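Structure first, then comments.
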Amino acid sequence: MISDQNLALIQTNKGNNLLELSHRGPVLLAFLRHFGCMFCRESLVDISKKRKSIESKGINIVLVHMSDYETAESYFKKFKLPGIEHISDPECRYYAMFGLTKGSFSQLFGLKTWIRGFEVAVTKQILPNTSLVGDGFQMPGIFLLKEGKIIEQFIHKSVADKPDYDNFIHACELE
């Protein structure tokens, strides 16, 4: 369990800390892989499409990435997420705080990853690129914070796993 003290230390690009944000309302905290990862880019597309729906429920979206703020902002604009609140974590300290580990060979390059990668490339026209900013072994995850507590989480078992963002919205409605 992550402590209030740790949440208070994690600052966004807008100067907010996660503890304060989670007391103002629910926070959808999405830990991304590197920006060259096709599944990271698919997540950005999905979040962009659901942003209005998520925010209309009073949920603040915060993205965590391993790049500098300027690089992240250019990616977020490209994926129609301008002005989104985000956190830079190049050393992956916050990833570790939330229990997100480095991926094994099968989690990163297994058959499921190849099959889903092909599906994403063909159906969504999202391809990997060489932009490896960050740790290519870092696994992603998504957490829903409310009043300093994790009330829902999705920890990827494979980089190809796809979270159901509607479950996170529904979890807020149940609280």
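Each chain of the structure tokens is named A, B, ... in the order shown, its residues numbered from 1; ligands are numbered from 1 in display order.
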
Against stretch 111-125 of chain A, which residues of stretch 13-55 of chain A fall within 8 Å? For each one I want the closest pair of atoms and the distance in Å (one decimal), counting only C-alpha atoms, rows by chain and increasing residue number, as a Markdown table.
| residue | atom | partner | partner_atom | distance |
| --- | --- | --- | --- | --- |
| A:Met38 | CA | A:Gly117 | CA | 7.4 |
| A:Phe39 | CA | A:Gly117 | CA | 7.7 |
| A:Glu42 | CA | A:Val120 | CA | 7.7 |

Go ahead and save the residues from that selection, with N, CA and C atoms, as a tab-separated table (two decimals), in the first residue's frame.
chain	number	residue	atom	x	y	z
A	38	MET	N	4.22	0.55	-29.25
A	38	MET	CA	2.92	0.66	-29.92
A	38	MET	C	1.76	0.53	-28.94
A	39	PHE	N	1.95	-0.21	-27.84
A	39	PHE	CA	0.88	-0.36	-26.86
A	39	PHE	C	0.73	0.89	-26.00
A	42	GLU	N	-1.14	3.12	-28.27
A	42	GLU	CA	-2.54	2.70	-28.30
A	42	GLU	C	-3.26	3.22	-27.05

task: Considering only C-alpha atoms, return as a list in words whatever protein or nucleic-acid residues lie within 6 Å of stretch 51-59 of chain A, sequence-local ones (same chain, fewer than 3 positions apart) excluded.
output: Pro26, Val27, Ile47 and Ser48 of chain A

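With distances restricted to only C-alpha atoms, A:Gly25 is the closest residue to A:Lys149 from A:Gly103, A:Gly110, A:Gly25, A:Pro82.
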
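Note that atom CA of A:Asp46 and atom CA of A:Asp135 are 22.2 Å apart.
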
message: Show me, as a count of residues only, the residues that have an atom within 9 Å of A:His65 when counting only C-alpha atoms, minus same-chain residues fewer than 5 positions from it.
response: 14

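For stretch 14-17 of chain A, the set of protein, DNA and RNA residues having any atom at most 12 Å away, when counting only C-alpha atoms and skipping those fewer than 3 positions along the same chain, is A:Asp4, A:Gln5, A:Asn6, A:Leu7, A:Ala8, A:Leu9, A:Ile10, A:Gln11, A:Glu20, A:Leu21, A:Ser22, A:His23, A:Arg24, A:Val27, A:Asn60, A:Val62, A:Tyr69, A:Gly83, A:Ile84, A:Glu85, A:His86, A:Ile87, A:Ser88, A:Gly148.
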
Per-residue DSSP, stretch 23-58 of chain A, filtered to alpha helix (DSSP H), as a compact mmCIF listing (two decimals) with C-alpha atoms, in the first residue's frame:
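The resulting file, states-v7.txt, is shown below:
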# COMPACT_ATOMS: atom_id res chain seq x y z
CA HIS A 23 -8.74 14.37 -2.09
CA ARG A 24 -10.23 16.80 -4.64
CA MET A 38 2.92 0.66 -29.92
CA PHE A 39 0.88 -0.36 -26.86
CA CYS A 40 1.78 2.88 -25.08
CA ARG A 41 0.65 4.78 -28.15
CA GLU A 42 -2.54 2.70 -28.30
CA SER A 43 -3.18 3.68 -24.66
CA LEU A 44 -2.77 7.34 -25.56
CA VAL A 45 -5.30 6.96 -28.39
CA ASP A 46 -7.74 5.17 -26.05
CA ILE A 47 -7.36 7.76 -23.29
CA SER A 48 -7.81 10.56 -25.82
CA LYS A 49 -11.06 9.01 -27.08
CA LYS A 50 -12.39 8.51 -23.53
CA ARG A 51 -11.04 11.74 -22.03
CA LYS A 52 -14.33 13.67 -22.14
CA SER A 53 -16.26 10.75 -20.70
CA ILE A 54 -13.73 10.21 -17.91
CA GLU A 55 -13.45 13.90 -17.01
CA SER A 56 -17.23 14.38 -17.15

query: Per DSSP on the backbone, what are the strand (DSSP E) residues of chain A, as a PyMOL selection string?
result: chain A and resi 27-31+60-65+85-88+141-146+149-155

Expected file contents, prior selection, C-alpha atoms, as a CSV table (one decimal), in the first residue's frame:
chain,number,residue,atom,x,y,z
A,27,VAL,CA,-7.5,10.3,-10.1
A,28,LEU,CA,-7.0,7.9,-13.0
A,29,LEU,CA,-3.2,7.4,-12.8
A,30,ALA,CA,-1.9,5.8,-16.0
A,31,PHE,CA,1.8,4.6,-15.9
A,60,ASN,CA,-8.7,13.7,-13.2
A,61,ILE,CA,-6.4,11.9,-15.6
A,62,VAL,CA,-2.7,11.9,-14.8
A,63,LEU,CA,-0.2,10.2,-17.0
A,64,VAL,CA,3.2,9.0,-15.8
A,65,HIS,CA,6.0,8.7,-18.3
A,85,GLU,CA,-1.6,16.6,-16.3
A,86,HIS,CA,1.5,14.4,-16.2
A,87,ILE,CA,4.4,13.2,-14.2
A,88,SER,CA,8.0,12.7,-15.4
A,141,GLY,CA,-0.2,-0.1,-15.0
A,142,ILE,CA,-3.3,1.9,-14.2
A,143,PHE,CA,-4.6,3.0,-10.8
A,144,LEU,CA,-7.7,4.8,-9.6
A,145,LEU,CA,-7.0,6.9,-6.5
A,146,LYS,CA,-9.5,8.4,-4.2
A,149,LYS,CA,-6.3,5.2,-1.5
A,150,ILE,CA,-6.1,2.9,-4.5
A,151,ILE,CA,-9.7,1.9,-5.2
A,152,GLU,CA,-9.1,0.1,-8.5
A,153,GLN,CA,-6.0,-1.1,-10.4
A,154,PHE,CA,-5.0,-2.8,-13.6
A,155,ILE,CA,-1.4,-4.2,-13.5

field: Among the residues A:Tyr75, A:Phe168, A:Tyr94, A:Phe109, the one that comes closest to A:Val133 [using only C-alpha atoms]
entry: A:Tyr75

- prompt: By how many Å are atom CA of A:Phe137 and atom CA of A:Tyr165 apart?
  reply: 23.5 Å

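With atom CA of A:Cys37 on one side and atom CA of A:Asp166 on the other, the separation reads 22.9 Å.
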
query: Near A:Met139, counting only C-alpha atoms, which residues have an atom at most 7 Å away, once you skip same-chain residues fewer than 6 positions from it, shown as an NGL selection string?
result: :A and (33 or 100-103 or 156 or 159)

Write the residues of the preceding selection, restricted to C-alpha atoms, as a tab-separated table (two decimals), in the first residue's frame.
chain	number	residue	atom	x	y	z
A	33	ARG	CA	5.67	2.50	-21.28
A	100	LEU	CA	5.15	-2.03	-11.33
A	101	THR	CA	8.11	-4.22	-12.19
A	102	LYS	CA	10.43	-4.83	-15.10
A	103	GLY	CA	8.99	-7.22	-17.66
A	156	HIS	CA	-0.40	-5.53	-16.89
A	159	VAL	CA	2.72	-5.29	-22.37

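Proximity to A:Lys157 was assessed for A:Cys172, A:Leu108, A:Ile2, A:Ile126 counting only C-alpha atoms; the smallest distance is recorded for A:Leu108.
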